[in-house]
file target_24.txt (compact mmCIF, C-alpha atoms)
# COMPACT_ATOMS: atom_id res chain seq x y z
CA MET A 1 1.14 17.31 -13.81
CA ASP A 2 4.17 19.45 -14.55
CA SER A 3 6.27 19.79 -11.42
CA ALA A 4 8.30 22.59 -13.01
CA ASP A 5 5.16 24.71 -13.25
CA SER A 6 3.39 23.68 -10.07
CA GLY A 7 6.29 23.10 -7.71
CA ARG A 8 4.63 19.83 -6.70
CA SER A 9 5.72 16.24 -7.00
CA THR A 10 4.67 14.42 -10.16
CA THR A 11 3.97 11.28 -8.07
CA LEU A 12 0.83 11.37 -5.95
CA PRO A 13 1.17 10.27 -2.31
CA CYS A 14 0.26 6.90 -0.91
CA ILE A 15 -2.30 7.09 1.90
CA SER A 16 -2.08 5.20 5.17
CA ASP A 17 -4.86 5.28 7.72
CA ALA A 18 -4.30 4.89 11.45
CA THR A 19 -7.92 4.99 12.58
CA LEU A 20 -7.76 1.54 14.16
CA ARG A 21 -4.53 2.43 15.89
CA ASP A 22 -4.54 6.12 16.92
CA SER A 23 -8.29 6.32 17.49
CA ALA A 24 -8.36 3.12 19.50
CA HIS A 25 -5.95 4.67 21.97
CA MET A 26 -8.02 7.69 22.81
CA ALA A 27 -9.46 7.66 26.31
CA GLY A 28 -12.66 5.64 26.46
CA VAL A 29 -12.52 4.30 22.88
CA GLU A 30 -12.51 0.53 22.51
CA PHE A 31 -13.09 -0.81 19.02
CA THR A 32 -14.19 -4.43 18.75
CA SER A 33 -13.11 -6.95 16.13
CA ASP A 34 -16.47 -6.35 14.43
CA ASP A 35 -15.69 -2.63 14.34
CA ALA A 36 -12.26 -3.36 12.89
CA THR A 37 -13.76 -5.57 10.20
CA ARG A 38 -16.32 -2.99 9.13
CA ILE A 39 -13.99 0.04 9.20
CA SER A 40 -11.07 -1.68 7.49
CA GLY A 41 -13.38 -3.02 4.79
CA LEU A 42 -14.66 0.47 4.00
CA LEU A 43 -11.14 1.91 4.05
CA SER A 44 -10.05 -0.74 1.58
CA ARG A 45 -12.98 0.05 -0.72
CA VAL A 46 -12.12 3.77 -0.60
CA GLY A 47 -8.69 2.80 -1.90
CA VAL A 48 -6.50 3.53 1.13
CA ASP A 49 -3.11 1.94 0.51
CA LEU A 50 -2.26 0.76 4.01
CA ILE A 51 -4.46 0.32 7.09
CA GLU A 52 -2.90 0.43 10.53
CA VAL A 53 -4.24 -1.69 13.34
CA GLY A 54 -3.05 -2.37 16.84
CA ILE A 55 0.00 -1.80 18.99
CA ILE A 56 2.27 -4.71 19.90
CA SER A 57 4.60 -4.31 22.88
CA GLY A 58 5.31 -7.94 23.72
CA ALA A 59 3.87 -11.43 23.89
CA GLY A 60 0.11 -11.92 24.18
CA SER A 61 -0.93 -8.64 22.60
CA PRO A 62 -4.32 -7.48 23.93
CA GLU A 63 -5.12 -6.21 20.42
CA ALA A 64 -4.57 -9.54 18.71
CA ASP A 65 -8.28 -9.90 17.89
CA LEU A 66 -8.32 -6.50 16.13
CA ILE A 67 -5.23 -7.33 14.13
CA LEU A 68 -6.54 -10.74 13.10
CA ALA A 69 -9.93 -9.27 12.16
CA VAL A 70 -8.31 -6.76 9.81
CA HIS A 71 -6.04 -9.42 8.30
CA ASN A 72 -9.09 -11.57 7.67
CA GLU A 73 -11.01 -8.71 6.06
CA ILE A 74 -8.40 -7.09 3.82
CA GLY A 75 -5.35 -9.34 4.05
CA PRO A 76 -2.06 -8.83 5.91
CA ASP A 77 -0.37 -7.25 2.88
CA ARG A 78 -2.52 -4.12 3.24
CA SER A 79 -2.19 -3.98 7.02
CA LEU A 80 0.45 -2.52 9.31
CA SER A 81 0.84 -2.87 13.08
CA LEU A 82 2.89 -0.71 15.40
CA VAL A 83 5.66 -2.31 17.44
CA MET A 84 6.86 -0.43 20.49
CA VAL A 85 10.62 -0.01 20.89
CA ARG A 86 11.95 0.40 24.41
CA ASP A 87 14.88 -2.06 24.73
CA ARG A 88 16.35 -4.99 22.78
CA ARG A 89 14.72 -7.77 24.80
CA GLN A 90 11.28 -6.15 24.64
CA VAL A 91 11.61 -5.61 20.88
CA ALA A 92 12.54 -9.26 20.34
CA GLU A 93 9.40 -10.41 22.19
CA ALA A 94 7.20 -7.93 20.31
CA LEU A 95 8.55 -9.04 16.94
CA LYS A 96 7.84 -12.68 17.82
CA GLU A 97 4.27 -11.69 18.61
CA ALA A 98 3.92 -9.78 15.34
CA LEU A 99 5.21 -12.85 13.49
CA ARG A 100 2.74 -15.09 15.35
CA LEU A 101 -0.14 -12.82 14.35
CA GLY A 102 0.84 -12.98 10.69
CA CYS A 103 1.91 -9.34 10.35
CA ARG A 104 3.94 -8.53 7.28
CA SER A 105 4.39 -4.79 7.70
CA ILE A 106 5.31 -3.18 11.01
CA MET A 107 6.13 0.29 12.22
CA LEU A 108 8.82 0.54 14.90
CA SER A 109 7.78 3.36 17.22
CA ILE A 110 10.94 5.01 18.50
CA PRO A 111 11.12 8.32 20.42
CA THR A 112 13.67 10.63 18.82
CA SER A 113 13.55 13.96 20.63
CA ALA A 114 15.96 14.17 23.55
CA ARG A 115 13.09 14.69 25.98
CA HIS A 116 10.96 11.79 24.72
CA ALA A 117 14.00 9.49 24.54
CA GLU A 118 14.88 10.38 28.10
CA LEU A 119 11.36 9.60 29.27
CA LYS A 120 10.80 6.39 27.27
CA LEU A 121 14.28 4.96 26.71
CA ALA A 122 15.81 6.21 29.98
CA SER A 123 18.52 7.97 27.98
CA PRO A 124 18.62 11.07 25.76
CA SER A 125 21.81 9.82 24.12
CA LEU A 126 21.80 9.96 20.32
CA SER A 127 24.36 7.17 20.22
CA TYR A 128 22.09 4.87 22.24
CA LEU A 129 19.06 5.88 20.16
CA LYS A 130 20.82 4.98 16.92
CA THR A 131 22.14 1.70 18.31
CA LEU A 132 18.68 0.64 19.49
CA ALA A 133 17.03 1.69 16.24
CA LYS A 134 19.56 -0.15 14.05
CA SER A 135 19.32 -3.28 16.18
CA SER A 136 15.49 -3.24 16.04
CA ILE A 137 15.41 -2.65 12.29
CA ARG A 138 17.88 -5.47 11.59
CA GLN A 139 15.95 -7.90 13.80
CA ALA A 140 12.74 -7.05 11.97
CA LYS A 141 14.27 -7.32 8.51
CA ASP A 142 15.85 -10.67 9.41
CA LEU A 143 12.33 -11.92 10.22
CA GLY A 144 11.06 -10.79 6.81
CA PHE A 145 9.00 -7.73 7.80
CA HIS A 146 8.53 -4.61 5.70
CA VAL A 147 9.83 -2.03 8.18
CA THR A 148 8.79 1.53 8.78
CA PHE A 149 10.57 3.26 11.65
CA SER A 150 9.31 6.39 13.28
CA GLY A 151 10.60 9.65 14.56
CA GLU A 152 8.27 9.94 17.54
CA ASP A 153 8.17 13.63 18.51
CA GLY A 154 10.16 14.16 15.33
CA ALA A 155 8.78 17.65 14.82
CA ARG A 156 10.54 18.85 17.96
CA THR A 157 13.73 16.86 17.47
CA ASP A 158 16.87 18.84 16.75
CA VAL A 159 17.33 18.75 12.97
CA GLU A 160 20.91 17.45 13.00
CA ARG A 161 19.97 14.77 15.53
CA LEU A 162 16.94 13.76 13.45
CA ASN A 163 18.82 13.58 10.15
CA ASP A 164 21.61 11.54 11.75
CA TYR A 165 19.09 9.12 13.24
CA VAL A 166 17.13 8.73 9.98
CA ALA A 167 20.29 8.09 7.97
CA ALA A 168 21.30 5.37 10.45
CA GLY A 169 17.89 3.73 10.11
CA PHE A 170 18.06 3.49 6.34
CA GLU A 171 21.64 2.23 6.53
CA ALA A 172 20.31 -0.59 8.74
CA GLY A 173 17.86 -1.60 6.01
CA ALA A 174 14.59 0.17 6.89
CA ASP A 175 12.06 0.60 4.09
CA ARG A 176 10.35 3.81 5.22
CA PHE A 177 10.66 6.58 7.80
CA ARG A 178 7.65 8.18 9.45
CA LEU A 179 8.04 11.75 10.66
CA ALA A 180 5.58 11.98 13.54
CA GLU A 181 4.39 15.43 14.50
CA THR A 182 3.51 13.96 17.89
CA VAL A 183 3.30 17.39 19.48
CA ALA A 184 2.14 19.81 16.79
CA THR A 185 4.51 22.74 16.52
CA LEU A 186 5.13 23.04 12.78
CA ARG A 187 3.75 25.49 10.27
CA PRO A 188 3.48 24.24 6.69
CA GLN A 189 6.69 26.00 5.68
CA ASP A 190 8.52 24.45 8.64
CA CYS A 191 7.22 21.00 7.74
CA ALA A 192 8.27 21.42 4.13
CA LYS A 193 11.77 22.49 5.12
CA LEU A 194 12.19 19.56 7.50
CA VAL A 195 10.98 17.00 4.97
CA ALA A 196 13.07 18.52 2.16
CA GLY A 197 16.15 17.70 4.21
CA LEU A 198 15.03 14.17 5.01
CA VAL A 199 14.34 13.16 1.41
CA THR A 200 17.97 13.85 0.47
CA ILE A 201 19.12 11.01 2.73
CA ASP A 202 20.26 7.95 0.80
CA LYS A 203 17.45 5.40 0.19
CA ALA A 204 14.97 7.56 2.09
CA GLU A 205 11.22 7.08 1.68
CA ILE A 206 9.36 9.53 3.93
CA GLU A 207 5.89 9.50 5.49
CA ILE A 208 4.25 12.40 7.34
CA HIS A 209 2.07 11.75 10.39
CA SER A 210 0.58 15.02 11.67
CA HIS A 211 -1.53 15.79 14.69
CA ASN A 212 -4.07 18.59 14.60
CA MET A 213 -3.75 20.50 17.86
CA LEU A 214 -3.03 23.69 15.91
CA GLY A 215 -5.48 22.96 13.12
CA MET A 216 -2.72 22.54 10.52
CA ALA A 217 -2.53 18.77 10.10
CA VAL A 218 -3.86 18.78 6.54
CA ALA A 219 -1.78 21.80 5.53
CA ASN A 220 1.35 20.25 7.02
CA SER A 221 0.65 16.90 5.36
CA LEU A 222 0.33 18.52 1.93
CA ALA A 223 3.39 20.69 2.53
CA ALA A 224 5.34 17.55 3.38
CA PHE A 225 4.13 15.88 0.19
CA ASP A 226 5.09 18.89 -1.90
CA ALA A 227 8.55 18.70 -0.32
CA GLY A 228 8.97 15.06 -1.29
CA ALA A 229 7.15 12.86 1.23
CA ALA A 230 5.78 9.73 -0.44
CA TRP A 231 3.16 8.86 2.18
CA ILE A 232 0.48 10.75 4.13
CA SER A 233 -0.89 9.24 7.33
CA THR A 234 -4.54 9.97 8.20
CA THR A 235 -7.43 8.87 10.38
CA VAL A 236 -11.15 8.74 9.58
CA GLY A 237 -12.76 11.99 10.70
CA GLY A 238 -9.41 13.04 12.15
CA ILE A 239 -10.20 11.12 15.33
CA GLY A 240 -7.11 10.34 17.35
CA GLU A 241 -4.92 11.32 20.22
CA ARG A 242 -3.79 14.85 21.05
CA GLY A 243 -6.21 16.87 18.99
CA GLY A 244 -6.68 14.21 16.34
CA ASN A 245 -4.79 13.48 13.16
CA SER A 246 -4.93 14.53 9.53
CA PRO A 247 -8.52 13.66 8.55
CA LEU A 248 -8.79 11.22 5.67
CA ALA A 249 -11.73 12.89 3.91
CA GLU A 250 -10.17 16.34 3.87
CA VAL A 251 -6.83 15.02 2.63
CA LEU A 252 -8.46 13.05 -0.19
CA CYS A 253 -10.69 15.98 -1.15
CA VAL A 254 -7.70 18.33 -1.34
CA LEU A 255 -5.82 15.80 -3.44
CA ARG A 256 -8.80 15.61 -5.79
CA ALA A 257 -9.50 19.36 -5.98
CA ALA A 258 -5.93 20.68 -6.05
CA TYR A 259 -3.90 17.80 -7.49
CA GLY A 260 -6.35 16.10 -9.81
CA ASP A 261 -6.10 12.81 -7.91
CA THR A 262 -9.00 10.52 -8.84
CA ARG A 263 -7.62 7.24 -7.48
CA HIS A 264 -9.99 6.96 -4.52
CA ASP A 265 -13.71 6.25 -4.20
CA LEU A 266 -14.81 9.35 -2.31
CA SER A 267 -18.46 8.30 -2.39
CA LEU A 268 -17.81 6.02 0.58
CA LEU A 269 -16.25 8.67 2.81
CA THR A 270 -19.46 9.78 4.48
CA PRO A 271 -20.68 6.29 5.48
CA LEU A 272 -17.12 5.43 6.53
CA THR A 273 -16.87 8.50 8.75
CA GLN A 274 -20.31 7.88 10.23
CA GLU A 275 -19.39 4.28 11.04
CA ALA A 276 -16.09 5.20 12.71
CA VAL A 277 -17.60 8.08 14.70
CA ARG A 278 -20.57 6.01 15.82
CA ARG A 279 -18.55 2.94 16.71
CA GLY A 280 -16.07 5.10 18.57
CA GLY A 281 -18.87 6.60 20.63
CA PHE A 282 -18.13 10.17 19.61
CA GLY A 283 -21.62 11.39 18.69
CA SER A 284 -22.98 12.54 15.36
CA ALA A 285 -20.36 15.14 14.36
CA PHE A 286 -16.95 14.66 15.93
CA MET A 287 -15.06 17.13 13.73
CA PRO A 288 -15.89 19.48 10.86
CA GLY A 289 -15.23 18.48 7.28
CA PRO A 290 -16.89 17.31 4.08
CA THR A 291 -18.46 14.19 5.57
CA THR A 292 -20.32 15.71 8.54
CA ARG A 293 -24.03 16.43 8.53
CA HIS A 294 -23.25 20.17 8.61
CA ALA A 295 -20.83 20.26 5.69
CA TYR A 296 -23.35 20.81 2.88
CA ALA A 297 -26.24 22.29 4.86
CA TYR A 298 -27.11 25.70 3.44
CA GLU A 299 -29.57 28.45 4.17
CA LEU A 300 -28.50 30.95 1.51
CA LEU A 301 -30.35 30.62 -1.76
CA GLY A 302 -27.31 31.22 -3.95
CA GLN A 303 -25.56 28.20 -2.44
CA LEU A 304 -28.62 26.05 -3.04
CA LEU A 305 -29.13 27.21 -6.61
CA HIS A 306 -25.46 27.32 -7.61
CA PRO A 307 -23.54 24.90 -5.38
CA GLU A 308 -20.69 24.66 -7.89
CA ALA A 309 -19.80 28.26 -7.05
CA TYR A 310 -19.37 27.39 -3.37
CA GLU A 311 -18.04 23.82 -3.34
CA THR A 312 -14.66 22.53 -4.47
CA THR A 313 -15.94 19.01 -3.84
CA PRO A 314 -19.64 18.33 -4.50
CA ALA A 315 -21.58 16.64 -1.73
CA GLU A 316 -22.32 13.60 -3.88
CA VAL A 317 -18.64 12.95 -4.50
CA VAL A 318 -18.08 12.09 -0.83
CA GLY A 319 -21.38 10.27 -0.41
CA ASN A 320 -23.00 13.18 1.41
CA ALA A 321 -26.15 15.09 0.48
CA ARG A 322 -26.97 18.76 0.05
CA SER A 323 -29.71 20.12 2.29
CA LEU A 324 -31.51 23.26 3.36
CA ARG A 325 -31.22 24.14 7.04
CA VAL A 326 -32.38 27.50 8.39
CA ARG A 327 -33.67 29.14 11.56
CA THR A 328 -34.44 32.81 10.98
CA ARG A 329 -32.72 33.85 7.74
CA LEU A 330 -35.88 33.38 5.75
CA SER A 331 -36.83 35.14 2.53
CA PRO A 332 -39.71 34.68 0.07
CA ALA A 333 -37.26 33.41 -2.54
CA LEU A 334 -35.83 30.82 -0.14
CA VAL A 335 -39.31 29.73 0.90
CA LYS A 336 -40.35 29.43 -2.75
CA PHE A 337 -37.31 27.24 -3.42
CA ALA A 338 -38.19 25.01 -0.47
CA LEU A 339 -41.80 24.59 -1.54
CA ASP A 340 -40.97 23.77 -5.18
CA ASP A 341 -44.59 23.96 -6.47
CA GLN A 342 -45.98 22.06 -3.51
CA GLU A 343 -49.75 21.67 -3.39
CA PRO A 344 -51.77 23.31 -2.05
CA ALA A 345 -50.01 26.42 -3.33
CA VAL A 346 -49.39 29.27 -0.91
CA ASP A 347 -48.29 32.85 -1.45
CA ALA A 348 -44.54 32.78 -0.74
CA GLU A 349 -44.40 36.31 0.68
CA LEU A 350 -47.39 35.86 3.00
CA PHE A 351 -46.23 32.43 4.12
CA CYS A 352 -42.70 33.75 4.71
CA ALA A 353 -44.05 36.45 7.02
CA TRP A 354 -46.14 33.84 8.86
CA LEU A 355 -43.12 31.50 9.11
CA ILE A 356 -40.90 34.22 10.59
CA THR A 357 -43.50 34.87 13.28
CA HIS A 358 -43.85 31.12 13.87
CA GLN A 359 -40.11 30.79 14.38
CA GLN A 360 -40.01 33.60 16.92
CA GLN A 361 -42.94 32.13 18.85
CA HIS A 362 -41.51 28.61 18.93
CA GLY A 363 -37.88 29.30 19.93
CA LYS A 364 -36.33 29.43 16.48
CA PRO A 365 -36.16 25.67 15.83
CA LEU A 366 -33.98 24.38 13.02
CA LEU A 367 -35.91 23.98 9.79
CA ASP A 368 -35.07 21.78 6.85
CA ARG A 369 -36.90 21.52 3.56
CA ASP A 370 -39.34 18.88 4.80
CA SER A 371 -40.29 20.87 7.89
CA ILE A 372 -40.86 24.05 5.84
CA ARG A 373 -43.14 22.11 3.50
CA ALA A 374 -45.04 20.64 6.47
CA LEU A 375 -45.52 24.09 7.96
CA ALA A 376 -46.72 25.35 4.59
CA ARG A 377 -49.43 22.70 4.67
CA GLU A 378 -50.36 23.79 8.19
CA TYR A 379 -50.46 27.43 7.06
CA ALA A 380 -52.62 26.55 4.06
CA ALA A 381 -55.08 24.60 6.22
CA GLU A 382 -55.41 27.46 8.69
CA ASN A 383 -56.03 29.99 5.96
CA LEU A 384 -58.56 27.78 4.17
CA ILE A 385 -60.50 27.31 7.42
CA THR A 386 -60.40 31.04 8.13
CA GLU A 387 -61.58 31.87 4.60
CA GLY A 388 -64.39 29.28 4.91
CA ARG A 389 -65.62 30.87 8.10
call {"tool": "encode", "arguments": {"input": "target_24.txt", "output": "structure tokens"}}
result
Amino acid sequence: MDSADSGRSTTLPCISDATLRDSAHMAGVEFTSDDATRISGLLSRVGVDLIEVGIISGAGSPEADLILAVHNEIGPDRSLSLVMVRDRRQVAEALKEALRLGCRSIMLSIPTSARHAELKLASPSLSYLKTLAKSSIRQAKDLGFHVTFSGEDGARTDVERLNDYVAAGFEAGADRFRLAETVATLRPQDCAKLVAGLVTIDKAEIEIHSHNMLGMAVANSLAAFDAGAAWISTTVGGIGERGGNSPLAEVLCVLRAAYGDTRHDLSLLTPLTQEAVRRGGFGSAFMPGPTTRHAYAYELLGQLLHPEAYETTPAEVVGNARSLRVRTRLSPALVKFALDDQEPAVDAELFCAWLITHQQQHGKPLLDRDSIRALAREYAAENLITEGR
């Protein structure tokens, strides 16, 4: 890929997935260790670089079983756990717990906007914020952790304040900085501008963590990557707090379609999404996207006959399947396609007229290919009986 021509980075982004962290902290969602094992295993097989699990705030973490289950399934080297940062004593206890659980990578969650710092650190002071961040990072590095530190509510943090804070974190020895769009306010161009400034900081490695309240999480994530971010944070199906996060399937499909990225096994995305949505108790279709049951369901003949003209990512690539679903937009050509030389043969135009009437009389139920074929058999039997009489 030629960055001079495309304006994009020549290095493709690493992908982290926070499904077992962000999703698990939505109201009413409680993943079990069995859930964590299954979901993390699928994420690993897709090729996700780093899988986040659990939040540690002190000794005796209530999410220890989840963390240990993921370590057992994919190994601690591909896992990351979040460590809350509120004061020095609390951080020391949380780091001891992370060490006890065998964590090797942690993410220090630190509020950076003046308002969030005031609420969570009891002080909006930038000086105090930097002191606490540097102390936490040094403690963690002394214990041998790979350390990411966050800019919680970073999207709404004053730019000078944010840049000063990030520079202090890397000076203290941090390995990565996560820009958290905790409260979504950024447009793609805003996100790109913010990240472009951060990547100029000495030793900076930047990750983008977007929330989707405004429907721009994927766009902002890719804009951040184009501006120099090395990591994109996602969740399966986009499930997560505050409108959800950048959905894994959509991000990977955009990387494939627009960037030529073939590193990941997209065929597992549909079963992965179904598992996470089901185990989270969300129902059959939590959010739209290429892995939902609606994504490749068509009723227009042209889409069925020439899907390549309508799909940037074929259904099979993400482990989904193409299907016919229709209520009233019936035509003889569509009916003929659905029947596909089924026996006994019926006249497509006559059967189409009968089917339209049937739909009106029965409340316009949703039809798929199998149900159209079954109704064709019913129509044929009725007409044969009538002709025999």
call {"tool": "closest_residue", "arguments": {"input": "target_24.txt", "among": "A:Ala338, A:Ile239, A:Val48, A:Leu366", "to": "His264 of chain A", "atoms": "all atoms listed in the file"}}
result
A:Val48
call {"tool": "closest_residue", "arguments": {"input": "target_24.txt", "among": "A:Asp341, A:Asp370, A:Asp34, A:Asp226", "to": "Glu73 of chain A", "atoms": "only C-alpha atoms"}}
result
A:Asp34
call {"tool": "residues_near_point", "arguments": {"input": "target_24.txt", "point": "(-10.7, -11.4, 9.6)", "cutoff": "12 Å", "atoms": "all atoms listed in the file", "output": "list in words"}}
result
Ser33, Asp34, Asp35, Ala36, Thr37, Arg38, Ile39, Ser40, Gly41, Ala64, Asp65, Leu66, Ile67, Leu68, Ala69, Val70, His71, Asn72, Glu73, Ile74, Gly75, Pro76, Ser79, Leu101 and Gly102 of chain A
call {"tool": "atom_distance", "arguments": {"input": "target_24.txt", "atom1": "atom CA of Pro247 of chain A", "atom2": "atom CA of Thr234 of chain A"}}
result
5.4 Å
call {"tool": "closest_atom_pairs", "arguments": {"input": "target_24.txt", "of": "segment 218-334 of chain A", "to": "segment 185-205 of chain A", "cutoff": "12 Å", "atoms": "only C-alpha atoms", "output": "Markdown table"}}
result
| residue | atom | partner | partner_atom | distance |
| --- | --- | --- | --- | --- |
| A:Val218 | CA | A:Pro188 | CA | 9.1 |
| A:Ala219 | CA | A:Pro188 | CA | 5.9 |
| A:Asn220 | CA | A:Pro188 | CA | 4.5 |
| A:Ser221 | CA | A:Pro188 | CA | 8.0 |
| A:Leu222 | CA | A:Pro188 | CA | 8.1 |
| A:Ala223 | CA | A:Ala192 | CA | 5.2 |
| A:Ala224 | CA | A:Ala192 | CA | 4.9 |
| A:Phe225 | CA | A:Ala192 | CA | 8.0 |
| A:Asp226 | CA | A:Ala192 | CA | 7.3 |
| A:Ala227 | CA | A:Ala196 | CA | 5.2 |
| A:Gly228 | CA | A:Val199 | CA | 6.3 |
| A:Ala229 | CA | A:Val195 | CA | 6.8 |
| A:Ala230 | CA | A:Glu205 | CA | 6.4 |
| A:Trp231 | CA | A:Glu205 | CA | 8.3 |
| A:Ile232 | CA | A:Glu205 | CA | 11.6 |
call {"tool": "atom_distance", "arguments": {"input": "target_24.txt", "atom1": "atom CA of Thr270 of chain A", "atom2": "atom CA of Glu311 of chain A"}}
result
16.1 Å
call {"tool": "atom_distance", "arguments": {"input": "target_24.txt", "atom1": "atom CA of Arg88 of chain A", "atom2": "atom CA of Arg176 of chain A"}}
result
20.5 Å
call {"tool": "closest_residue", "arguments": {"input": "target_24.txt", "among": "A:Arg21, A:Arg263, A:His116, A:His358", "to": "Val83 of chain A", "atoms": "only C-alpha atoms"}}
result
A:Arg21
call {"tool": "residues_near_point", "arguments": {"input": "target_24.txt", "point": "(-11.3, 17.7, -3.3)", "cutoff": "10 Å", "atoms": "all atoms listed in the file", "output": "MDAnalysis selection string"}}
result
chainID A and resid 249:262 266 290 311:314 317:318
call {"tool": "residues_around", "arguments": {"input": "target_24.txt", "residues": "Asn320 of chain A", "least_positions_apart": "5", "cutoff": "12 Å", "atoms": "only C-alpha atoms", "output": "ChimeraX atom specification"}}
result
/A:249,266-274,289-297,313-315
call {"tool": "residues_around", "arguments": {"input": "target_24.txt", "residues": "Ala353 of chain A", "least_positions_apart": "6", "cutoff": "10 Å", "atoms": "only C-alpha atoms", "output": "ChimeraX atom specification"}}
result
/A:330-332
call {"tool": "residues_around", "arguments": {"input": "target_24.txt", "residues": "Ala380 of chain A", "least_positions_apart": "5", "cutoff": "8 Å", "atoms": "only C-alpha atoms", "output": "PyMOL selection string"}}
result
chain A and resi 344-346
call {"tool": "closest_residue", "arguments": {"input": "target_24.txt", "among": "A:Gly54, A:Arg104, A:Ile15, A:Glu171", "to": "Lys134 of chain A", "atoms": "all atoms listed in the file"}}
result
A:Glu171
call {"tool": "decode", "arguments": {"input": "target_24.txt", "residues": "segment 26-66 of chain A", "atoms": "C-alpha atoms", "output": "short mmCIF file (atom, residue, chain, number, x, y, z; two decimals), in the first residue's frame"}}
result
data_model
loop_
_atom_site.label_atom_id
_atom_site.label_comp_id
_atom_site.auth_asym_id
_atom_site.auth_seq_id
_atom_site.Cartn_x
_atom_site.Cartn_y
_atom_site.Cartn_z
CA MET A 26 -23.62 -3.17 30.82
CA ALA A 27 -26.65 -3.28 33.08
CA GLY A 28 -27.91 -6.82 33.50
CA VAL A 29 -25.06 -8.55 31.64
CA GLU A 30 -23.10 -11.14 33.61
CA PHE A 31 -20.77 -13.35 31.60
CA THR A 32 -19.67 -16.59 33.25
CA SER A 33 -16.23 -18.18 33.07
CA ASP A 34 -17.69 -20.59 30.50
CA ASP A 35 -18.82 -17.61 28.43
CA ALA A 36 -15.37 -16.06 28.73
CA THR A 37 -13.73 -19.28 27.60
CA ARG A 38 -15.94 -19.66 24.54
CA ILE A 39 -15.85 -16.00 23.44
CA SER A 40 -12.12 -15.54 23.98
CA GLY A 41 -11.40 -18.75 22.10
CA LEU A 42 -13.36 -17.56 19.08
CA LEU A 43 -11.74 -14.11 19.23
CA SER A 44 -8.33 -15.75 19.24
CA ARG A 45 -9.22 -17.88 16.23
CA VAL A 46 -10.44 -14.79 14.34
CA GLY A 47 -6.96 -13.37 14.89
CA VAL A 48 -7.69 -10.55 17.35
CA ASP A 49 -4.36 -9.38 18.76
CA LEU A 50 -5.37 -8.65 22.34
CA ILE A 51 -8.46 -9.67 24.32
CA GLU A 52 -9.55 -7.60 27.29
CA VAL A 53 -11.16 -9.20 30.30
CA GLY A 54 -12.16 -7.90 33.67
CA ILE A 55 -11.73 -4.81 35.80
CA ILE A 56 -9.45 -4.90 38.85
CA SER A 57 -9.90 -2.21 41.50
CA GLY A 58 -8.27 -3.90 44.49
CA ALA A 59 -7.72 -7.17 46.30
CA GLY A 60 -10.14 -10.06 45.77
CA SER A 61 -11.37 -9.04 42.33
CA PRO A 62 -14.92 -10.31 41.71
CA GLU A 63 -13.92 -10.95 38.09
CA ALA A 64 -11.00 -13.21 38.92
CA ASP A 65 -12.78 -16.27 37.49
CA LEU A 66 -13.30 -14.52 34.13
#
